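Visitor: You'll find structure_9.pdb just under this line, and it carries PDB, C-alpha atoms.
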ATOM      1  CA  MET A  26      63.032  39.845-143.008  1.00  0.00           C
ATOM      2  CA  PRO A  27      61.979  41.792-139.936  1.00  0.00           C
ATOM      3  CA  ILE A  28      61.431  45.519-140.182  1.00  0.00           C
ATOM      4  CA  ILE A  29      61.272  46.486-136.525  1.00  0.00           C
ATOM      5  CA  LYS A  30      64.568  47.153-134.785  1.00  0.00           C
ATOM      6  CA  SER A  31      63.890  44.825-131.842  1.00  0.00           C
ATOM      7  CA  ALA A  32      62.888  42.002-134.205  1.00  0.00           C
ATOM      8  CA  LYS A  33      66.163  42.427-136.089  1.00  0.00           C
ATOM      9  CA  LYS A  34      68.046  42.131-132.820  1.00  0.00           C
ATOM     10  CA  ARG A  35      66.113  38.983-131.875  1.00  0.00           C
ATOM     11  CA  VAL A  36      67.178  37.397-135.181  1.00  0.00           C
ATOM     12  CA  LYS A  37      70.842  38.119-134.397  1.00  0.00           C
ATOM     13  CA  VAL A  38      70.525  36.788-130.848  1.00  0.00           C
ATOM     14  CA  ALA A  39      68.723  33.662-132.046  1.00  0.00           C
ATOM     15  CA  ARG A  40      71.499  32.944-134.554  1.00  0.00           C
ATOM     16  CA  LYS A  41      74.174  33.232-131.872  1.00  0.00           C
ATOM     17  CA  ALA A  42      72.204  30.994-129.518  1.00  0.00           C
ATOM     18  CA  THR A  43      71.682  28.434-132.276  1.00  0.00           C
ATOM     19  CA  VAL A  44      75.410  28.239-132.953  1.00  0.00           C
ATOM     20  CA  ARG A  45      76.137  27.891-129.237  1.00  0.00           C
ATOM     21  CA  ASN A  46      73.492  25.194-128.782  1.00  0.00           C
ATOM     22  CA  VAL A  47      74.665  23.211-131.809  1.00  0.00           C
ATOM     23  CA  LYS A  48      78.212  23.252-130.466  1.00  0.00           C
ATOM     24  CA  THR A  49      77.080  21.956-127.074  1.00  0.00           C
ATOM     25  CA  LYS A  50      74.874  19.264-128.626  1.00  0.00           C
ATOM     26  CA  ARG A  51      77.735  18.138-130.882  1.00  0.00           C
ATOM     27  CA  SER A  52      80.157  17.834-127.958  1.00  0.00           C
ATOM     28  CA  LEU A  53      77.539  15.905-125.968  1.00  0.00           C
ATOM     29  CA  LYS A  54      76.946  13.467-128.818  1.00  0.00           C
ATOM     30  CA  SER A  55      80.657  12.926-129.372  1.00  0.00           C
ATOM     31  CA  ALA A  56      81.209  12.292-125.647  1.00  0.00           C
ATOM     32  CA  LEU A  57      78.397   9.725-125.599  1.00  0.00           C
ATOM     33  CA  LYS A  58      79.812   8.036-128.709  1.00  0.00           C
ATOM     34  CA  SER A  59      83.287   7.906-127.226  1.00  0.00           C
ATOM     35  CA  PHE A  60      81.813   6.292-124.121  1.00  0.00           C
ATOM     36  CA  GLN A  61      80.134   3.642-126.278  1.00  0.00           C
ATOM     37  CA  THR A  62      83.391   2.910-128.101  1.00  0.00           C
ATOM     38  CA  ALA A  63      85.187   2.703-124.752  1.00  0.00           C
ATOM     39  CA  ILE A  64      82.597   0.139-123.612  1.00  0.00           C
ATOM     40  CA  THR A  65      83.154  -2.007-126.700  1.00  0.00           C
ATOM     41  CA  SER A  66      86.934  -1.710-126.602  1.00  0.00           C
ATOM     42  CA  GLY A  67      87.203  -1.878-122.795  1.00  0.00           C
ATOM     43  CA  LYS A  68      89.628   1.016-122.501  1.00  0.00           C
ATOM     44  CA  SER A  69      89.322   4.060-120.236  1.00  0.00           C
ATOM     45  CA  ILE A  70      85.659   3.543-119.438  1.00  0.00           C
ATOM     46  CA  GLY A  71      85.792   5.589-116.243  1.00  0.00           C
ATOM     47  CA  GLU A  72      87.384   8.573-117.923  1.00  0.00           C
ATOM     48  CA  SER A  73      84.983   8.597-120.869  1.00  0.00           C
ATOM     49  CA  GLN A  74      82.050   8.151-118.486  1.00  0.00           C
ATOM     50  CA  SER A  75      83.073  11.178-116.438  1.00  0.00           C
ATOM     51  CA  LYS A  76      83.474  13.267-119.611  1.00  0.00           C
ATOM     52  CA  ALA A  77      80.033  12.214-120.812  1.00  0.00           C
ATOM     53  CA  GLN A  78      78.486  13.079-117.455  1.00  0.00           C
ATOM     54  CA  SER A  79      80.245  16.437-117.466  1.00  0.00           C
ATOM     55  CA  ASN A  80      78.895  17.211-120.925  1.00  0.00           C
ATOM     56  CA  LEU A  81      75.410  16.213-119.782  1.00  0.00           C
ATOM     57  CA  ASP A  82      75.681  18.629-116.870  1.00  0.00           C
ATOM     58  CA  LYS A  83      76.848  21.423-119.162  1.00  0.00           C
ATOM     59  CA  ALA A  84      73.911  20.813-121.509  1.00  0.00           C
ATOM     60  CA  VAL A  85      71.513  21.046-118.571  1.00  0.00           C
ATOM     61  CA  LYS A  86      73.156  24.232-117.366  1.00  0.00           C
ATOM     62  CA  LYS A  87      72.741  25.827-120.784  1.00  0.00           C
ATOM     63  CA  GLY A  88      69.118  24.679-121.022  1.00  0.00           C
ATOM     64  CA  ILE A  89      69.586  22.341-123.968  1.00  0.00           C
ATOM     65  CA  ILE A  90      68.241  19.240-122.235  1.00  0.00           C
ATOM     66  CA  SER A  91      66.132  18.863-119.122  1.00  0.00           C
ATOM     67  CA  LYS A  92      67.651  17.820-115.828  1.00  0.00           C
ATOM     68  CA  ASN A  93      65.486  14.687-115.715  1.00  0.00           C
ATOM     69  CA  LYS A  94      66.749  13.563-119.106  1.00  0.00           C
ATOM     70  CA  ALA A  95      70.326  14.156-117.967  1.00  0.00           C
ATOM     71  CA  ALA A  96      69.722  12.134-114.796  1.00  0.00           C
ATOM     72  CA  ARG A  97      68.251   9.302-116.849  1.00  0.00           C
ATOM     73  CA  LYS A  98      71.220   9.326-119.242  1.00  0.00           C
ATOM     74  CA  LYS A  99      73.704   9.331-116.343  1.00  0.00           C
ATOM     75  CA  LYS A 100      71.964   6.324-114.836  1.00  0.00           C
ATOM     76  CA  GLN A 101      72.109   4.529-118.175  1.00  0.00           C
ATOM     77  CA  LEU A 102      75.814   5.298-118.499  1.00  0.00           C
ATOM     78  CA  ALA A 103      76.489   3.981-115.014  1.00  0.00           C
ATOM     79  CA  SER A 104      74.552   0.776-115.620  1.00  0.00           C
ATOM     80  CA  GLN A 105      76.353   0.167-118.932  1.00  0.00           C
ATOM     81  CA  ALA A 106      79.710   0.730-117.270  1.00  0.00           C
ATOM     82  CA  LYS A 107      78.780  -1.664-114.490  1.00  0.00           C
ATOM     83  CA  LYS A 108      77.647  -4.337-116.975  1.00  0.00           C
ATOM     84  CA  SER A 109      80.937  -4.091-118.821  1.00  0.00           C
ATOM     85  CA  GLY A 110      82.768  -4.846-115.591  1.00  0.00           C
ATOM     86  CA  ALA A 111      84.483  -1.504-115.250  1.00  0.00           C
ATOM     87  CA  LYS A 112      85.388  -0.375-111.799  1.00  0.00           C
ATOM     88  CA  VAL A 113      83.688   2.952-111.169  1.00  0.00           C
ATOM     89  CA  THR A 114      85.722   5.366-109.110  1.00  0.00           C
ATOM     90  CA  ALA A 115      85.068   8.937-108.175  1.00  0.00           C
ATOM     91  CA  SER A 116      87.426  10.990-110.278  1.00  0.00           C
ATOM     92  CA  LYS A 117      86.517  14.333-108.775  1.00  0.00           C
ATOM     93  CA  LYS A 118      88.456  15.396-105.746  1.00  0.00           C
ATOM     94  CA  THR A 119      86.340  17.006-103.118  1.00  0.00           C
ATOM     95  CA  VAL A 120      87.836  20.149-101.744  1.00  0.00           C
ATOM     96  CA  THR A 121      86.505  21.184 -98.397  1.00  0.00           C
ATOM     97  CA  LYS A 122      86.521  24.860 -97.800  1.00  0.00           C
ATOM     98  CA  LYS A 123      86.370  26.357 -94.406  1.00  0.00           C
ATOM     99  CA  PRO A 124      83.322  28.518 -93.968  1.00  0.00           C
ATOM    100  CA  ALA A 125      84.110  32.170 -94.190  1.00  0.00           C
ATOM    101  CA  VAL A 126      84.182  33.744 -90.765  1.00  0.00           C
ATOM    102  CA  LYS A 127      82.427  37.052 -90.741  1.00  0.00           C
ATOM    103  CA  LYS A 128      83.205  39.527 -88.056  1.00  0.00           C
ATOM    104  CA  ALA A 129      80.217  40.878 -86.244  1.00  0.00           C
ATOM    105  CA  PRO A 130      79.958  44.638 -86.490  1.00  0.00           C
ATOM    106  CA  ALA A 131      80.966  46.481 -83.346  1.00  0.00           C
ATOM    107  CA  LYS A 132      77.924  46.911 -81.167  1.00  0.00           C
ATOM    108  CA  LYS A 133      77.007  50.396 -80.169  1.00  0.00           C
ATOM    109  CA  PRO A 134      75.824  50.901 -76.622  1.00  0.00           C
ATOM    110  CA  ALA A 135      72.083  50.746 -76.519  1.00  0.00           C
ATOM    111  CA  VAL A 136      70.584  54.116 -75.883  1.00  0.00           C
ATOM    112  CA  LYS A 137      67.313  53.912 -74.013  1.00  0.00           C
ATOM    113  CA  LYS A 138      64.660  56.309 -75.027  1.00  0.00           C
ATOM    114  CA  PRO A 139      63.090  58.146 -72.158  1.00  0.00           C
ATOM    115  CA  ALA A 140      59.657  56.929 -71.346  1.00  0.00           C
ATOM    116  CA  ALA A 141      56.991  59.162 -72.735  1.00  0.00           C
ATOM    117  CA  LYS A 142      55.343  61.075 -69.939  1.00  0.00           C
ATOM    118  CA  LYS A 143      51.616  60.972 -69.764  1.00  0.00           C
ATOM    119  CA  PRO A 144      49.895  64.280 -69.341  1.00  0.00           C
ATOM    120  CA  VAL A 145      48.746  64.893 -65.810  1.00  0.00           C
ATOM    121  CA  ALA A 146      45.035  64.375 -65.432  1.00  0.00           C
ATOM    122  CA  LYS A 147      43.161  67.471 -64.343  1.00  0.00           C
ATOM    123  CA  LYS A 148      41.654  67.274 -60.920  1.00  0.00           C
ATOM    124  CA  THR A 149      38.060  68.122 -60.855  1.00  0.00           C
ATOM    125  CA  THR A 150      36.678  69.570 -57.719  1.00  0.00           C
ATOM    126  CA  LYS A 151      33.077  69.415 -56.742  1.00  0.00           C
ATOM    127  CA  LYS A 152      31.360  72.723 -56.331  1.00  0.00           C
TER     128      LYS A 152
END
Represent the supplied structure as structure tokens.
Guide:
Amino acid sequence: MPIIKSAKKRVKVARKATVRNVKTKRSLKSALKSFQTAITSGKSIGESQSKAQSNLDKAVKKGIISKNKAARKKKQLASQAKKSGAKVTASKKTVTKKPAVKKAPAKKPAVKKPAAKKPVAKKTTKK
């Protein structure tokens, strides 16, 4: 058991993170299993594929799996769906937002600084 206050806090934080990570891993595994059962039964393959891909993205976002592993798994899901003869359609609707128009701040009239005057050179006279 840690004695130092910061070490005690790290133990608490690690426990919370472990619970959160286990929950995400469990949901990812169940989504992948449901996709496999959808492949074998031939029902709602597209829907289960999109849920599995969503869970993969969430796991990447939370740092549980690497983005390359997620990309590899997504490719495998897509190839399995294609082999089973399912028609893959994009289920996400793309919403196009207009870019926010920012008003330019009102320009102040440019004030020119007066040119710095050079000191007059002293005239030297020959004696």
Visitor: I'd like to see the residues matched by the PyMOL selection byres ((chain A and resi 50-65) around 10) on this file, and ideally I'd get them as JSON, numbers by chain.
Guide: {"A": [44, 45, 46, 47, 48, 49, 66, 67, 68, 69, 70, 71, 72, 73, 74, 75, 76, 77, 78, 79, 80, 81, 82, 83, 84, 89, 90, 98, 102, 105, 106, 108, 109, 110, 111]}
Visitor: What is the CA of Ala103 in chain A-CA of Lys87 in chain A distance in Å, reported with one decimal?
Guide: 22.9 Å
Visitor: Just checking: using only C-alpha atoms, which residue out of A:Gly88, A:Lys148, A:Lys100, A:Ala95 ends up closest to Ala42 in chain A?
Guide: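 Result for the nearest residue to Ala42 in chain A: A:Gly88.
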Visitor: For a test of reading the model, state the distance in Å between CA of Ser91 in chain A and CA of Lys34 in chain A, rounded to one decimal.
Guide: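 Between CA of Ser91 in chain A and CA of Lys34 in chain A the gap works out to 27.1 Å.
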Visitor: CA of Gln101 in chain A and CA of Val85 in chain A, how far apart in Å?
Guide: 16.5 Å
